[in-house]
Structure formats: C-alpha cells, structure tokens
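**Q** I'd like to ask you about the structure that follows.
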Amino acid sequence: MGGIHEPHVCRSCPTIGGSVTHRGHPYGPLCDRCWTDTQTLSDHDQALTEGADAPPPPAAPLCRDCGRPQDRFATGYGHWVLLEPRIPLPVKIVPDGQRWLIAPDGRAINWGSRLPADPNCRIRHALVCPAHPRPDHLAAVIGVIWDENWRRHQPPLPDAG
C-alpha cells in the first residue's frame, strides 16, 4: 500500500488518477475540480477575515453603510477592499490585521500581524466609517479620522434665514 504505482485517489471525491495530484500539506491528493473548490473556499474565508467585501467594478466604490466614496483595490485572491482615501498611517499604530499596503501591481495586501518594510500603510474604511461606533480603543489618530468622517457624513444644517 502506498507504492509509487498505486493510482492517486482524490480525498474529496471518487476521482482516481487523471488530474489527481498531491497538493501539499494539509490538502493531500485532490483532483483539479476539488482543488479549485478548495482554493475558492480558502479565498472566501480570507476575504471574510480581512473584510475584503467591497463590490467589484463596475459598481461604484461606495461604502455600503455611509455611502461615501472610497479607494477600491483588488486583493491577490480575487476580492475587493475599500481603503480610507488619502491617509497613510504609521504601521506601528495600526492594529494587526488592519495594515494594508498597495503592491507595485496595484493590488492591496493585508500584512496581518507582520510589520512591513514600508513605514506607512492604509486602513480599511470600515475601521473609521461614521456609520460604525467610534473606535476609541485604537490610536487617537484613528479616532480623529472617524470624527472627520462623521462630521462630513452629517447633513448640512438648515438655513436660518
């Protein structure tokens, strides 16, 4: 059992041989179809974890909650993320999982808990969206950005005249 001439069997479906290839740990042998499904689920899980849930083009890059325009970037795994426009922040004050950098090819990359070589990063708009509670537990500058977004989000006061 386990000899080199034994046909590979997909661990997810009954496919034997053909496109079944060992996909590395922890996946093991999978056929092409099951491997594609696994990658799609993995990409979806990553998007949920990172909050990369923006609508793709041609939809406008607007926040679903406050309606304000944002900078939209593709991720490396086929999803889109809305980043707060024009505001790079020092990576050391941005919480783990919220550090986004723009790669030379224009894709947004979340650095998770790692500190990138670049001293500045971008943050997801959701972190400072005025439709969400003010993030008082984070660096003061993030609260200031939320305050400014909240101020811009308020309807204008009625004319007193």
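Following the order of the structure tokens, first chain is A, next is B, and so on, with residues numbered from 1 inside each chain and ligands from 1 in the order they appear.
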Sort by chain and increasing residue number a table of all residues of range 23-71 of chain A within 12 Å of range 104-115 of chain A, each with its closest pair of atoms and their distance in Å to one decimal, counting only C-alpha atoms, and write it as a tab-separated table.

**A**
residue	atom	partner	partner_atom	distance
A:Gln46	CA	A:Asn110	CA	10.2
A:Ala47	CA	A:Asn110	CA	10.3
A:Thr49	CA	A:Gly112	CA	10.3
A:Glu50	CA	A:Asn110	CA	7.5
A:Gly51	CA	A:Asn110	CA	10.1
A:Ala52	CA	A:Asn110	CA	9.7
A:Asp71	CA	A:Ala108	CA	10.6

**Q** Go ahead and write the selection's residues with N, CA and C atoms as a PDB file, in the first residue's frame.

**A**
ATOM      1  N   GLN A  46     -10.544  33.980   3.588  1.00  0.00           N
ATOM      2  CA  GLN A  46      -9.592  35.068   3.788  1.00  0.00           C
ATOM      3  C   GLN A  46     -10.285  36.418   3.611  1.00  0.00           C
ATOM      4  N   ALA A  47     -11.137  36.535   2.613  1.00  0.00           N
ATOM      5  CA  ALA A  47     -11.857  37.787   2.392  1.00  0.00           C
ATOM      6  C   ALA A  47     -12.743  38.127   3.590  1.00  0.00           C
ATOM      7  N   THR A  49     -12.271  37.181   6.719  1.00  0.00           N
ATOM      8  CA  THR A  49     -11.381  37.525   7.829  1.00  0.00           C
ATOM      9  C   THR A  49     -10.849  38.943   7.691  1.00  0.00           C
ATOM     10  N   GLU A  50     -10.464  39.322   6.477  1.00  0.00           N
ATOM     11  CA  GLU A  50      -9.839  40.625   6.259  1.00  0.00           C
ATOM     12  C   GLU A  50     -10.827  41.739   5.956  1.00  0.00           C
ATOM     13  N   GLY A  51     -12.087  41.403   5.749  1.00  0.00           N
ATOM     14  CA  GLY A  51     -13.079  42.414   5.417  1.00  0.00           C
ATOM     15  C   GLY A  51     -13.005  42.896   3.984  1.00  0.00           C
ATOM     16  N   ALA A  52     -12.486  42.069   3.104  1.00  0.00           N
ATOM     17  CA  ALA A  52     -12.406  42.418   1.682  1.00  0.00           C
ATOM     18  C   ALA A  52     -13.720  42.042   1.019  1.00  0.00           C
ATOM     19  N   ASP A  71     -11.380  54.460  -1.778  1.00  0.00           N
ATOM     20  CA  ASP A  71     -10.409  53.905  -2.721  1.00  0.00           C
ATOM     21  C   ASP A  71     -10.612  52.392  -2.730  1.00  0.00           C
TER      22      ASP A  71
END

**Q** What's around Val9 in chain A at 12 Å? Count only C-alpha atoms, leave out sequence neighbours fewer than 2 positions away in its own chain, and write the answer as a ChimeraX atom specification.

**A** /A:2,6-7,11-22,28-32,34

**Q** Between CA of Trp80 in chain A and CA of Ala139 in chain A, what distance in Å does the model show, to one decimal?

**A**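 Distance reported for this atom pair: 25.6 Å.
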
**Q** Can you tell me how far CA of Ala131 in chain A sits from CA of Val81 in chain A, in Å to one decimal?

**A**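 These two atoms are separated by 17.4 Å.
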
**Q** Might you pull out every residue within 9 Å of range 88-94 of chain A, with only C-alpha atoms counted and same-chain residues fewer than 4 positions away left off, and present them as a list of chain:residue names?

**A**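 Residues meeting the cut-off are A:Glu84, A:Gln98, A:Arg99, A:Leu115, A:Pro116, A:Asp118, A:Pro119, A:Asn120, A:Cys121, A:Arg122, A:Ile123, A:Leu138, A:Ala139, A:Val141, A:Ile142.
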
**Q** I need the chosen residues saved as a PDB file, in the first residue's frame, with C-alpha atoms.

**A**
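Okay, this is what ended up in selection-v5.pdb:
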ATOM      1  CA  GLU A  84      -9.764  55.031   3.511  1.00  0.00           C
ATOM      2  CA  GLN A  98      -5.670  46.244   9.500  1.00  0.00           C
ATOM      3  CA  ARG A  99      -2.343  47.074   7.771  1.00  0.00           C
ATOM      4  CA  LEU A 115       5.370  44.790  10.159  1.00  0.00           C
ATOM      5  CA  PRO A 116       6.145  45.600   6.524  1.00  0.00           C
ATOM      6  CA  ASP A 118       7.256  50.404   4.421  1.00  0.00           C
ATOM      7  CA  PRO A 119       6.739  52.695   7.449  1.00  0.00           C
ATOM      8  CA  ASN A 120       3.192  53.627   6.367  1.00  0.00           C
ATOM      9  CA  CYS A 121       0.097  51.669   5.488  1.00  0.00           C
ATOM     10  CA  ARG A 122      -3.550  52.181   4.624  1.00  0.00           C
ATOM     11  CA  ILE A 123      -6.586  51.122   6.650  1.00  0.00           C
ATOM     12  CA  LEU A 138      -7.377  52.361  18.955  1.00  0.00           C
ATOM     13  CA  ALA A 139      -4.700  55.005  18.372  1.00  0.00           C
ATOM     14  CA  VAL A 141      -5.367  59.428  15.153  1.00  0.00           C
ATOM     15  CA  ILE A 142      -7.783  56.688  14.045  1.00  0.00           C
TER      16      ILE A 142
END

**Q** What is the CA of Gln154 in chain A-CA of Arg134 in chain A distance in Å, reported with one decimal?

**A**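 The value is 14.7 Å.
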